[in-house]
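Shown next: coords36.tsv, given as TSV, C-alpha atoms.
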```
chain	number	residue	atom	x	y	z
A	1	MET	CA	84.49	39.57	64.61
A	2	ALA	CA	84.40	39.70	68.43
A	3	ILE	CA	80.96	39.86	70.02
A	4	TYR	CA	81.27	43.44	71.33
A	5	GLU	CA	82.30	44.69	67.92
A	6	GLU	CA	79.42	42.74	66.38
A	7	LEU	CA	76.95	44.44	68.73
A	8	ILE	CA	78.28	47.79	67.57
A	9	GLU	CA	78.12	46.73	63.92
A	10	ARG	CA	74.49	45.70	64.37
A	11	GLY	CA	73.64	49.08	65.90
A	12	LEU	CA	72.73	47.70	69.32
A	13	ILE	CA	74.88	49.76	71.66
A	14	ALA	CA	73.96	53.35	72.47
A	15	GLN	CA	75.76	54.21	75.71
A	16	VAL	CA	78.19	52.54	78.10
A	17	THR	CA	79.81	53.60	81.35
A	18	ASP	CA	83.16	51.78	81.09
A	19	GLU	CA	83.74	50.86	77.47
A	20	LYS	CA	87.24	49.37	77.77
A	21	GLU	CA	86.27	47.08	80.66
A	22	ILE	CA	82.91	46.17	79.12
A	23	ARG	CA	84.50	45.23	75.79
A	24	GLU	CA	87.07	43.04	77.53
A	25	LEU	CA	84.52	41.28	79.72
A	26	ILE	CA	82.06	40.58	76.91
A	27	ASN	CA	84.65	39.49	74.36
A	28	ASN	CA	86.24	37.09	76.88
A	29	GLY	CA	82.93	35.63	78.09
A	30	GLY	CA	83.38	37.17	81.52
A	31	ALA	CA	80.14	39.13	81.76
A	32	ARG	CA	77.52	37.95	84.20
A	33	PHE	CA	74.82	40.37	83.15
A	34	TYR	CA	71.20	40.96	83.95
A	35	ILE	CA	68.22	42.37	82.08
A	36	GLY	CA	64.96	43.09	83.87
A	37	PHE	CA	61.41	42.33	82.71
A	38	ASP	CA	58.39	43.65	84.57
A	39	PRO	CA	55.64	40.99	84.44
A	40	THR	CA	52.75	43.32	83.54
A	41	ALA	CA	51.19	40.76	81.15
A	42	ASP	CA	51.16	36.98	80.71
A	43	SER	CA	53.20	37.13	77.50
A	44	LEU	CA	56.27	38.90	76.20
A	45	HIS	CA	55.76	41.01	73.07
A	46	VAL	CA	57.96	42.21	70.23
A	47	GLY	CA	59.02	45.18	72.34
A	48	HIS	CA	61.06	42.66	74.38
A	49	PHE	CA	62.55	41.12	71.27
A	50	MET	CA	65.80	43.00	71.24
A	51	ALA	CA	66.61	42.15	74.85
A	52	LEU	CA	65.87	38.47	74.22
A	53	CYS	CA	68.06	38.40	71.12
A	54	LEU	CA	70.84	40.21	72.98
A	55	MET	CA	70.81	37.63	75.78
A	56	LYS	CA	71.03	34.86	73.20
A	57	ARG	CA	73.95	36.50	71.38
A	58	LEU	CA	75.90	37.08	74.60
A	59	GLN	CA	75.24	33.57	75.90
A	60	MET	CA	76.45	32.10	72.61
A	61	ALA	CA	79.69	34.05	73.20
A	62	GLY	CA	80.17	32.47	76.64
A	63	ASN	CA	78.63	35.16	78.85
A	64	LYS	CA	76.11	34.31	81.60
A	65	PRO	CA	72.61	35.85	81.49
A	66	VAL	CA	70.62	36.53	84.65
A	67	VAL	CA	66.97	37.13	83.80
A	68	LEU	CA	65.35	39.31	86.44
A	69	VAL	CA	61.56	39.25	86.56
A	70	GLY	CA	60.14	42.11	88.55
A	71	GLY	CA	57.72	40.43	90.91
A	72	GLY	CA	58.62	43.15	93.43
A	73	THR	CA	59.08	46.20	91.20
A	74	GLY	CA	55.98	45.09	89.31
A	75	MET	CA	53.99	46.02	92.39
A	76	ILE	CA	55.18	49.61	91.98
A	77	GLY	CA	55.32	50.10	88.21
A	78	ASP	CA	58.00	51.79	86.15
A	79	PRO	CA	57.07	55.43	85.38
A	80	SER	CA	59.47	55.56	82.41
A	81	GLY	CA	57.72	56.45	79.18
A	82	ARG	CA	54.30	56.74	80.82
A	83	THR	CA	51.92	59.60	81.38
A	84	ASP	CA	49.83	57.81	83.99
A	85	MET	CA	50.22	55.33	86.82
A	86	ARG	CA	50.20	51.62	86.02
A	87	ALA	CA	47.43	49.41	87.30
A	88	MET	CA	48.49	47.41	90.36
A	89	LEU	CA	48.62	43.64	89.93
A	90	THR	CA	47.96	40.96	92.53
A	91	PRO	CA	50.85	38.71	93.66
A	92	GLU	CA	49.09	35.74	92.07
A	93	THR	CA	48.84	37.48	88.68
A	94	ILE	CA	52.47	38.57	88.85
A	95	GLN	CA	53.64	35.01	89.59
A	96	HIS	CA	51.56	33.61	86.73
A	97	ASN	CA	53.05	36.17	84.35
A	98	CYS	CA	56.58	35.31	85.53
A	99	ASP	CA	55.97	31.62	84.82
A	100	CYS	CA	54.74	32.46	81.30
A	101	PHE	CA	57.81	34.60	80.65
A	102	LYS	CA	60.23	31.81	81.48
A	103	LYS	CA	58.49	29.38	79.16
A	104	GLN	CA	58.79	31.83	76.27
A	105	MET	CA	62.37	32.80	77.08
A	106	GLU	CA	63.49	29.18	76.87
A	107	ARG	CA	63.23	29.51	73.08
A	108	PHE	CA	65.98	32.13	73.20
A	109	ILE	CA	68.34	31.24	76.02
A	110	GLU	CA	69.39	28.05	77.79
A	111	PHE	CA	68.65	27.80	81.49
A	112	GLY	CA	70.46	25.44	83.81
A	113	GLU	CA	73.54	24.90	85.92
A	114	ASP	CA	76.33	27.30	84.89
A	115	LYS	CA	74.00	28.68	82.21
A	116	ALA	CA	71.24	31.27	82.39
A	117	ILE	CA	69.26	31.68	85.59
A	118	MET	CA	65.98	33.43	86.33
A	119	VAL	CA	65.47	35.34	89.58
A	120	ASN	CA	62.51	37.25	90.96
A	121	ASN	CA	63.14	40.46	92.85
A	122	ALA	CA	60.07	39.78	94.97
A	123	ASP	CA	62.33	37.34	96.84
A	124	TRP	CA	64.31	40.22	98.34
A	125	LEU	CA	62.33	43.42	97.82
A	126	LEU	CA	59.26	42.17	99.67
A	127	LYS	CA	61.38	41.31	102.70
A	128	LEU	CA	62.96	44.74	103.08
A	129	ASN	CA	62.44	46.75	106.24
A	130	TYR	CA	61.38	50.25	105.27
A	131	VAL	CA	63.44	52.18	107.81
A	132	GLU	CA	66.52	50.03	107.20
A	133	LEU	CA	66.18	50.58	103.45
A	134	LEU	CA	65.94	54.35	103.95
A	135	ARG	CA	69.08	54.39	106.10
A	136	ASP	CA	71.10	51.88	104.07
A	137	VAL	CA	70.09	52.76	100.49
A	138	GLY	CA	68.09	55.99	100.56
A	139	ALA	CA	71.05	57.91	101.97
A	140	CYS	CA	72.99	57.13	98.77
A	141	PHE	CA	70.51	58.98	96.53
A	142	SER	CA	70.20	62.71	95.89
A	143	VAL	CA	66.60	63.82	95.36
A	144	ASN	CA	67.89	66.70	93.26
A	145	ASN	CA	69.65	64.28	90.91
A	146	MET	CA	66.65	61.96	90.79
A	147	LEU	CA	64.34	64.79	89.75
A	148	ARG	CA	66.68	65.60	86.86
A	149	ALA	CA	66.27	62.06	85.52
A	150	GLU	CA	64.29	61.94	82.29
A	151	CYS	CA	61.99	59.20	83.59
A	152	TYR	CA	60.75	61.58	86.31
A	153	LYS	CA	60.94	64.92	84.49
A	154	GLN	CA	58.35	63.86	81.93
A	155	ARG	CA	55.88	63.03	84.69
A	156	MET	CA	56.28	66.09	86.91
A	157	GLU	CA	53.62	68.19	85.18
A	158	LYS	CA	50.96	65.47	85.13
A	159	GLY	CA	51.81	64.11	88.55
A	160	LEU	CA	54.21	61.53	89.94
A	161	SER	CA	53.19	59.41	92.90
A	162	PHE	CA	55.61	58.77	95.76
A	163	LEU	CA	55.09	55.08	95.04
A	164	GLU	CA	56.54	55.46	91.53
A	165	PHE	CA	59.27	57.81	92.78
A	166	ASN	CA	60.71	54.82	94.61
A	167	TYR	CA	61.11	52.78	91.42
A	168	MET	CA	64.65	54.00	90.74
A	169	ILE	CA	65.74	53.05	94.24
A	170	MET	CA	64.19	49.60	93.92
A	171	GLN	CA	65.82	48.96	90.53
A	172	SER	CA	69.16	50.21	91.82
A	173	TYR	CA	68.88	47.93	94.83
A	174	ASP	CA	68.26	45.01	92.45
A	175	PHE	CA	71.68	45.56	90.87
A	176	LEU	CA	73.34	45.79	94.27
A	177	TYR	CA	71.65	42.58	95.46
A	178	LEU	CA	72.50	40.69	92.26
A	179	HIS	CA	76.09	41.91	92.45
A	180	GLN	CA	76.47	40.77	96.06
A	181	HIS	CA	74.61	37.45	95.82
A	182	TYR	CA	75.04	36.30	92.20
A	183	GLY	CA	78.26	38.00	91.10
A	184	VAL	CA	76.48	40.10	88.48
A	185	ASN	CA	78.91	42.64	87.06
A	186	MET	CA	76.91	44.24	84.26
A	187	GLN	CA	73.38	45.39	83.49
A	188	PHE	CA	71.70	46.00	80.15
A	189	GLY	CA	68.56	47.96	79.36
A	190	GLY	CA	66.86	50.28	76.92
A	191	ASP	CA	67.70	53.94	76.52
A	192	ASP	CA	64.63	54.82	78.60
A	193	GLN	CA	66.24	52.98	81.54
A	194	TRP	CA	69.55	54.86	81.54
A	195	SER	CA	68.88	56.96	84.67
A	196	ASN	CA	67.73	53.93	86.67
A	197	MET	CA	70.74	51.93	85.53
A	198	LEU	CA	73.21	54.64	86.44
A	199	GLY	CA	71.58	54.72	89.88
A	200	GLY	CA	72.40	51.03	90.33
A	201	THR	CA	76.01	51.44	89.22
A	202	GLU	CA	76.56	54.36	91.59
A	203	LEU	CA	74.91	52.48	94.46
A	204	ILE	CA	77.27	49.52	94.05
A	205	ARG	CA	80.30	51.76	93.95
A	206	LYS	CA	79.17	53.61	97.08
A	207	LYS	CA	78.36	50.42	98.99
A	208	CYS	CA	81.14	48.18	97.68
A	209	GLY	CA	83.91	50.64	96.86
A	210	ASP	CA	84.96	52.56	93.75
A	211	ASP	CA	86.71	49.51	92.32
A	212	ALA	CA	83.50	47.45	92.33
A	213	TYR	CA	83.22	45.75	88.96
A	214	ALA	CA	79.74	46.95	88.02
A	215	MET	CA	78.98	48.50	84.66
A	216	THR	CA	76.03	49.54	82.55
A	217	ILE	CA	75.18	49.54	78.88
A	218	THR	CA	72.08	50.56	76.96
A	219	LEU	CA	70.52	49.24	73.79
A	220	LEU	CA	69.86	51.65	70.98
A	221	LEU	CA	66.38	50.57	69.97
A	222	ASN	CA	64.74	49.09	73.04
A	223	SER	CA	62.28	51.95	73.55
A	224	GLU	CA	61.66	51.99	69.80
A	225	GLY	CA	61.17	48.23	70.01
A	226	LYS	CA	58.32	48.81	72.43
A	227	LYS	CA	56.65	50.96	69.79
A	228	MET	CA	57.14	48.13	67.30
A	229	GLY	CA	54.90	45.96	69.43
A	230	LYS	CA	51.87	48.18	68.99
A	231	THR	CA	49.23	47.83	66.29
A	232	ALA	CA	45.64	48.93	65.99
A	233	LYS	CA	44.59	45.80	67.88
A	234	GLY	CA	47.21	46.10	70.61
A	235	ALA	CA	50.52	44.40	71.22
A	236	VAL	CA	52.13	41.81	68.96
A	237	TRP	CA	52.65	38.98	71.42
A	238	LEU	CA	55.11	36.09	71.38
A	239	ASP	CA	52.39	33.77	72.73
A	240	PRO	CA	50.82	32.00	69.71
A	241	GLU	CA	47.46	32.00	71.50
A	242	LYS	CA	47.50	35.81	71.47
A	243	THR	CA	49.25	36.44	68.15
A	244	SER	CA	49.24	33.50	65.74
A	245	PRO	CA	52.44	32.60	63.85
A	246	PHE	CA	50.73	33.86	60.67
A	247	GLU	CA	49.86	37.23	62.26
A	248	PHE	CA	53.40	37.44	63.68
A	249	PHE	CA	54.86	36.74	60.22
A	250	GLN	CA	52.57	39.29	58.59
A	251	TYR	CA	53.49	41.94	61.15
A	252	TRP	CA	57.16	41.77	60.19
A	253	ARG	CA	56.32	41.27	56.51
A	254	ASN	CA	54.49	44.61	56.56
A	255	ILE	CA	56.88	46.86	58.47
A	256	ASP	CA	57.98	50.16	56.93
A	257	ASP	CA	60.56	49.88	54.16
A	258	GLY	CA	62.97	52.11	56.05
A	259	ASP	CA	63.05	49.78	59.07
A	260	VAL	CA	63.76	46.51	57.26
A	261	MET	CA	67.57	46.51	57.21
A	262	LYS	CA	67.71	47.95	60.71
A	263	CYS	CA	65.61	45.06	62.00
A	264	ILE	CA	67.56	42.46	60.02
A	265	LYS	CA	70.76	43.73	61.65
A	266	MET	CA	69.44	44.02	65.18
A	267	LEU	CA	67.06	41.11	65.48
A	268	THR	CA	68.13	38.27	63.20
A	269	PHE	CA	71.12	35.96	63.55
A	270	ILE	CA	72.08	36.25	59.89
A	271	PRO	CA	75.88	36.73	59.82
A	272	ILE	CA	77.11	40.28	59.30
A	273	GLU	CA	78.87	39.31	56.08
A	274	GLU	CA	75.58	38.06	54.58
A	275	ILE	CA	73.74	41.16	55.78
A	276	LYS	CA	76.24	43.37	53.97
A	277	GLU	CA	75.46	41.49	50.77
A	278	ILE	CA	71.70	41.89	51.37
A	279	GLU	CA	72.22	45.64	51.75
A	280	LYS	CA	73.50	45.68	48.17
A	281	TRP	CA	70.25	44.28	46.77
A	282	ASP	CA	68.34	46.54	44.41
A	283	ASP	CA	65.45	48.55	45.85
A	284	ASN	CA	62.99	46.45	43.86
A	285	ARG	CA	63.87	43.49	46.14
A	286	ILE	CA	62.40	45.18	49.24
A	287	ASN	CA	59.62	42.58	49.55
A	288	GLU	CA	62.23	39.83	49.43
A	289	LYS	CA	64.03	41.51	52.33
A	290	LYS	CA	60.78	41.81	54.29
A	291	GLU	CA	59.95	38.17	53.78
A	292	LEU	CA	63.43	37.16	54.89
A	293	LEU	CA	63.02	39.22	58.07
A	294	ALA	CA	59.55	37.81	58.75
A	295	PHE	CA	60.67	34.22	58.23
A	296	GLU	CA	63.79	34.50	60.40
A	297	LEU	CA	61.95	36.09	63.33
A	298	THR	CA	58.95	33.76	63.12
A	299	LYS	CA	61.35	30.82	63.08
A	300	LEU	CA	63.10	32.19	66.15
A	301	VAL	CA	59.86	32.54	68.13
A	302	HIS	CA	57.66	29.74	66.79
A	303	GLY	CA	60.04	27.29	65.11
A	304	GLU	CA	60.95	26.64	61.49
A	305	GLU	CA	57.88	24.55	60.71
A	306	GLU	CA	55.43	27.27	61.78
A	307	ALA	CA	57.51	29.89	59.98
A	308	ALA	CA	57.33	27.88	56.77
A	309	LYS	CA	53.56	27.45	57.15
A	310	ALA	CA	53.11	31.19	57.70
A	311	ARG	CA	55.20	31.98	54.63
A	312	GLU	CA	53.25	29.54	52.47
A	313	ALA	CA	49.93	30.93	53.72
A	314	SER	CA	51.11	34.45	52.95
A	315	HIS	CA	52.10	33.45	49.41
A	316	SER	CA	48.78	31.73	48.88
A	317	LEU	CA	46.70	34.65	50.09
A	318	PHE	CA	48.46	37.31	48.08
A	319	ALA	CA	48.44	35.09	45.01
A	320	GLY	CA	44.71	34.50	45.39
A	321	GLY	CA	45.16	30.89	46.50
A	322	GLY	CA	42.84	28.89	48.69
A	323	ASP	CA	45.07	27.78	51.57
A	324	ASP	CA	43.70	29.48	54.68
A	325	SER	CA	44.80	26.86	57.24
A	326	SER	CA	47.21	29.25	58.95
A	327	MET	CA	45.00	32.31	58.72
A	328	PRO	CA	43.74	33.87	61.99
A	329	THR	CA	40.26	32.45	62.52
A	330	THR	CA	37.22	33.36	64.60
A	331	GLU	CA	34.64	30.66	65.32
A	332	LEU	CA	31.14	32.08	65.71
A	333	GLU	CA	28.24	30.76	67.75
A	334	ASN	CA	24.54	31.63	67.82
A	335	VAL	CA	24.45	33.22	64.37
A	336	ASP	CA	20.94	34.23	63.29
A	337	GLU	CA	19.34	32.20	60.50
A	338	ASN	CA	19.40	35.34	58.37
A	339	GLY	CA	23.15	35.66	58.81
A	340	ILE	CA	25.25	38.44	60.37
A	341	SER	CA	25.91	41.97	59.19
A	342	ILE	CA	29.42	42.72	57.97
A	343	VAL	CA	29.68	45.44	60.62
A	344	ASP	CA	28.92	43.00	63.46
A	345	LEU	CA	31.16	40.38	61.88
A	346	MET	CA	34.17	42.70	61.78
A	347	VAL	CA	33.75	43.60	65.42
A	348	ALA	CA	33.31	39.92	66.38
A	349	CYS	CA	36.54	39.05	64.54
A	350	GLY	CA	38.50	41.87	66.16
A	351	LEU	CA	39.02	43.59	62.80
A	352	ALA	CA	37.42	46.77	64.13
A	353	PRO	CA	37.24	48.05	67.72
A	354	SER	CA	33.69	49.37	67.27
A	355	LYS	CA	30.78	49.36	64.86
A	356	GLY	CA	31.52	52.97	63.99
A	357	ASN	CA	35.07	52.09	63.03
A	358	ALA	CA	33.83	49.15	60.95
A	359	ARG	CA	31.36	51.37	59.09
A	360	ARG	CA	34.10	53.88	58.25
A	361	LEU	CA	36.37	51.14	56.92
A	362	ILE	CA	33.58	49.82	54.69
A	363	GLU	CA	32.59	53.28	53.44
A	364	GLN	CA	36.24	53.93	52.56
A	365	GLY	CA	36.26	50.77	50.43
A	366	GLY	CA	38.71	48.93	52.65
A	367	VAL	CA	36.81	45.66	53.26
A	368	SER	CA	36.36	42.57	51.08
A	369	VAL	CA	34.66	39.22	51.69
A	370	ASP	CA	35.84	36.21	49.71
A	371	GLY	CA	37.58	38.52	47.26
A	372	ASN	CA	34.58	40.78	46.65
A	373	LYS	CA	34.64	44.38	47.79
A	374	VAL	CA	31.92	45.21	50.31
A	375	GLU	CA	29.98	48.14	48.85
A	376	SER	CA	27.48	48.79	51.65
A	377	ILE	CA	27.42	48.81	55.43
A	378	ASP	CA	24.15	46.84	55.13
A	379	PHE	CA	25.91	43.84	53.58
A	380	VAL	CA	25.01	40.56	55.33
A	381	VAL	CA	27.09	37.37	55.39
A	382	SER	CA	24.77	34.36	55.20
A	383	LYS	CA	24.81	31.52	57.68
A	384	ALA	CA	25.39	29.08	54.81
A	385	ASP	CA	28.54	30.94	53.75
A	386	LEU	CA	29.78	31.03	57.33
A	387	ALA	CA	29.29	27.28	57.61
A	388	ASN	CA	31.94	26.89	54.90
A	389	GLY	CA	34.07	29.75	56.20
A	390	VAL	CA	34.53	33.20	54.69
A	391	LYS	CA	37.72	35.22	54.20
A	392	ILE	CA	37.66	38.85	55.23
A	393	ARG	CA	40.29	41.23	53.99
A	394	LYS	CA	40.83	44.60	55.69
A	395	GLY	CA	42.92	46.99	53.66
A	396	LYS	CA	45.66	45.39	51.62
A	397	LYS	CA	47.42	43.34	54.26
A	398	VAL	CA	45.08	42.07	56.98
A	399	PHE	CA	43.32	38.74	56.42
A	400	HIS	CA	40.92	36.92	58.72
A	401	ARG	CA	38.69	33.87	58.46
A	402	ALA	CA	35.25	33.50	60.06
A	403	ILE	CA	33.43	30.19	60.38
A	404	LEU	CA	30.60	28.69	62.36
A	405	LYS	CA	31.67	26.73	65.40
```
Can the structure from this file be put into structure tokens for me?
Amino acid sequence: MAIYEELIERGLIAQVTDEKEIRELINNGGARFYIGFDPTADSLHVGHFMALCLMKRLQMAGNKPVVLVGGGTGMIGDPSGRTDMRAMLTPETIQHNCDCFKKQMERFIEFGEDKAIMVNNADWLLKLNYVELLRDVGACFSVNNMLRAECYKQRMEKGLSFLEFNYMIMQSYDFLYLHQHYGVNMQFGGDDQWSNMLGGTELIRKKCGDDAYAMTITLLLNSEGKKMGKTAKGAVWLDPEKTSPFEFFQYWRNIDDGDVMKCIKMLTFIPIEEIKEIEKWDDNRINEKKELLAFELTKLVHGEEEAAKAREASHSLFAGGGDDSSMPTTELENVDENGISIVDLMVACGLAPSKGNARRLIEQGGVSVDGNKVESIDFVVSKADLANGVKIRKGKKVFHRAILK
């Protein structure tokens, strides 16, 4: 199966501007494509997963990825999918985040001569002359059309700053610059980026002629993928210091039943033929499917050894075993001789955002310590027990270990 047809089979393609030309370019390894990442944090999260996997698939088929980190657009902030304005980051923070991104991306794609490259739009956006940009680029955009774009319409009632209004122009200029200086002929992005992407395609055609070879394509689940990255504690990060391999494994192990096959198709590199056989499995094998998904994605991000450890730890925990070496752990200091209340312990371990939340979880019967259900919010974990380490279980699926430092 050709790569373009495989992307369709996996449910990755939602919209394209020039399907015949795009199919030919991708299938023949002639796409030099870019995907943008705004460096708003020092780690990628599972919301970026689909884009990373897509770059890997296309590179394996001979196409050339250009990773664009938004050191320049990151100073403005993308209004898409937001109800408020993003916090502004310092140049130093943005550069640090960009460096972290590249390190994580190297697990997915190969950088080097005639391979993938990483560019930072701060290198050209921060050098632009405002009046020249207005005359050269601004004249190509209709304000009426921009206001009809979904990314702006959803913000009009709550307020849209002029700063954010410029984001579409900046992103469109990125495509023009990459087309002129790096030979980029295609851009990919999530469905929430469609208006911005069309702006870039139209800008190239206006500046370089109608026959300019610049095309756009959107991914079906990218915006949904961003939702995947959210849990009660925040984002599920690819950085093992932020989300351990065990927590990462457990996240995918516990996704909704209805999402399992969709994620196996879109995010794993299991061949389509094998996936079709997995789809035939009986419904009572749903946990087997979930574990397969969790293992494959943990292996992709953290390596096979860590994936195997996470799987073994998961088996041990749910079977009542004693192996907690891969379990997320909090080391505690300055614990009182009388111990620590379970409410304070849950907050200290990040298992509850507040004492009130911890009390509610306990009162609802959702907390256990070393296999014993906590019956009272007054329960205290002794210092002696903490010296040996205690296992806290929240609900049916969240495990955590606490031990004295």
Shortest interatomic distance to Met1 in chain A - which of A:Ile272, A:Gln95, A:Phe188, A:Ile13, counting all atoms listed in the file: A:Ile272
Nearest to Ser172 in chain A by atom-to-atom distance, counting only C-alpha atoms, from A:Cys100, A:Thr73, A:Thr268, A:Asn28: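 Distance minimum relative to Ser172 in chain A lands on A:Thr73.
In this model, the gap between CA of Val367 in chain A and CA of Ile255 in chain A comes to 20.8 Å.
Non-sequential neighbours of range 210-218 of chain A (distance at most 8 Å, separation of 2 or more positions within a chain, all atoms listed in the file) are Ile13, Ala14, Gln15, Val16, Thr17, Asp18, Ile22, His179, Val184, Asn185, Met186, Gln187, Phe188, Gly189, Gly190, Asp191, Gln193, Trp194, Met197, Leu198, Thr201, Ile204, Arg205, Lys206, Cys208 and Leu220 of chain A.
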Go ahead and save the picked residues with C-alpha atoms, as a PDB file, in the frame of the given file.
```pdb
ATOM      1  CA  ILE A  13      74.880  49.760  71.660  1.00  0.00           C
ATOM      2  CA  ALA A  14      73.960  53.350  72.470  1.00  0.00           C
ATOM      3  CA  GLN A  15      75.760  54.210  75.710  1.00  0.00           C
ATOM      4  CA  VAL A  16      78.190  52.540  78.100  1.00  0.00           C
ATOM      5  CA  THR A  17      79.810  53.600  81.350  1.00  0.00           C
ATOM      6  CA  ASP A  18      83.160  51.780  81.090  1.00  0.00           C
ATOM      7  CA  ILE A  22      82.910  46.170  79.120  1.00  0.00           C
ATOM      8  CA  HIS A 179      76.090  41.910  92.450  1.00  0.00           C
ATOM      9  CA  VAL A 184      76.480  40.100  88.480  1.00  0.00           C
ATOM     10  CA  ASN A 185      78.910  42.640  87.060  1.00  0.00           C
ATOM     11  CA  MET A 186      76.910  44.240  84.260  1.00  0.00           C
ATOM     12  CA  GLN A 187      73.380  45.390  83.490  1.00  0.00           C
ATOM     13  CA  PHE A 188      71.700  46.000  80.150  1.00  0.00           C
ATOM     14  CA  GLY A 189      68.560  47.960  79.360  1.00  0.00           C
ATOM     15  CA  GLY A 190      66.860  50.280  76.920  1.00  0.00           C
ATOM     16  CA  ASP A 191      67.700  53.940  76.520  1.00  0.00           C
ATOM     17  CA  GLN A 193      66.240  52.980  81.540  1.00  0.00           C
ATOM     18  CA  TRP A 194      69.550  54.860  81.540  1.00  0.00           C
ATOM     19  CA  MET A 197      70.740  51.930  85.530  1.00  0.00           C
ATOM     20  CA  LEU A 198      73.210  54.640  86.440  1.00  0.00           C
ATOM     21  CA  THR A 201      76.010  51.440  89.220  1.00  0.00           C
ATOM     22  CA  ILE A 204      77.270  49.520  94.050  1.00  0.00           C
ATOM     23  CA  ARG A 205      80.300  51.760  93.950  1.00  0.00           C
ATOM     24  CA  LYS A 206      79.170  53.610  97.080  1.00  0.00           C
ATOM     25  CA  CYS A 208      81.140  48.180  97.680  1.00  0.00           C
ATOM     26  CA  LEU A 220      69.860  51.650  70.980  1.00  0.00           C
TER      27      LEU A 220
END
```
Nearest candidate to Glu304 in chain A (options A:Lys373, A:Ala139, A:Tyr173, A:Pro245; using only C-alpha atoms): A:Pro245
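Straight-line separation from CA of Glu21 in chain A to CA of Ile117 in chain A: 23.5 Å.
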Nearest residue to Ile377 in chain A from the set A:Val343, A:Ile278, A:Met50, A:Met170 (distances using only C-alpha atoms):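 Closest to Ile377 in chain A of all the choices is A:Val343.
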Which residue of A:Leu44, A:Ile403, A:Ile342, A:Asn357 approaches Ser376 in chain A most closely, using all atoms listed in the file: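 Ranking A:Leu44, A:Ile403, A:Ile342, A:Asn357 by distance to Ser376 in chain A, first place goes to A:Ile342.
If you count only C-alpha atoms and ignore residues fewer than 6 places along the chain from Met60 in chain A, what sits within 12 Å of it is Ala2, Ile3, Ile26, Asn27, Asn28, Gly29, Cys53, Leu54, Phe108, Ile109, Glu110, Lys115, Ala116 and Phe269 of chain A.
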From A:Gly74, A:Val46, A:Ala387, A:Arg393, residue lying nearest Val374 in chain A [all atoms listed in the file]: A:Arg393
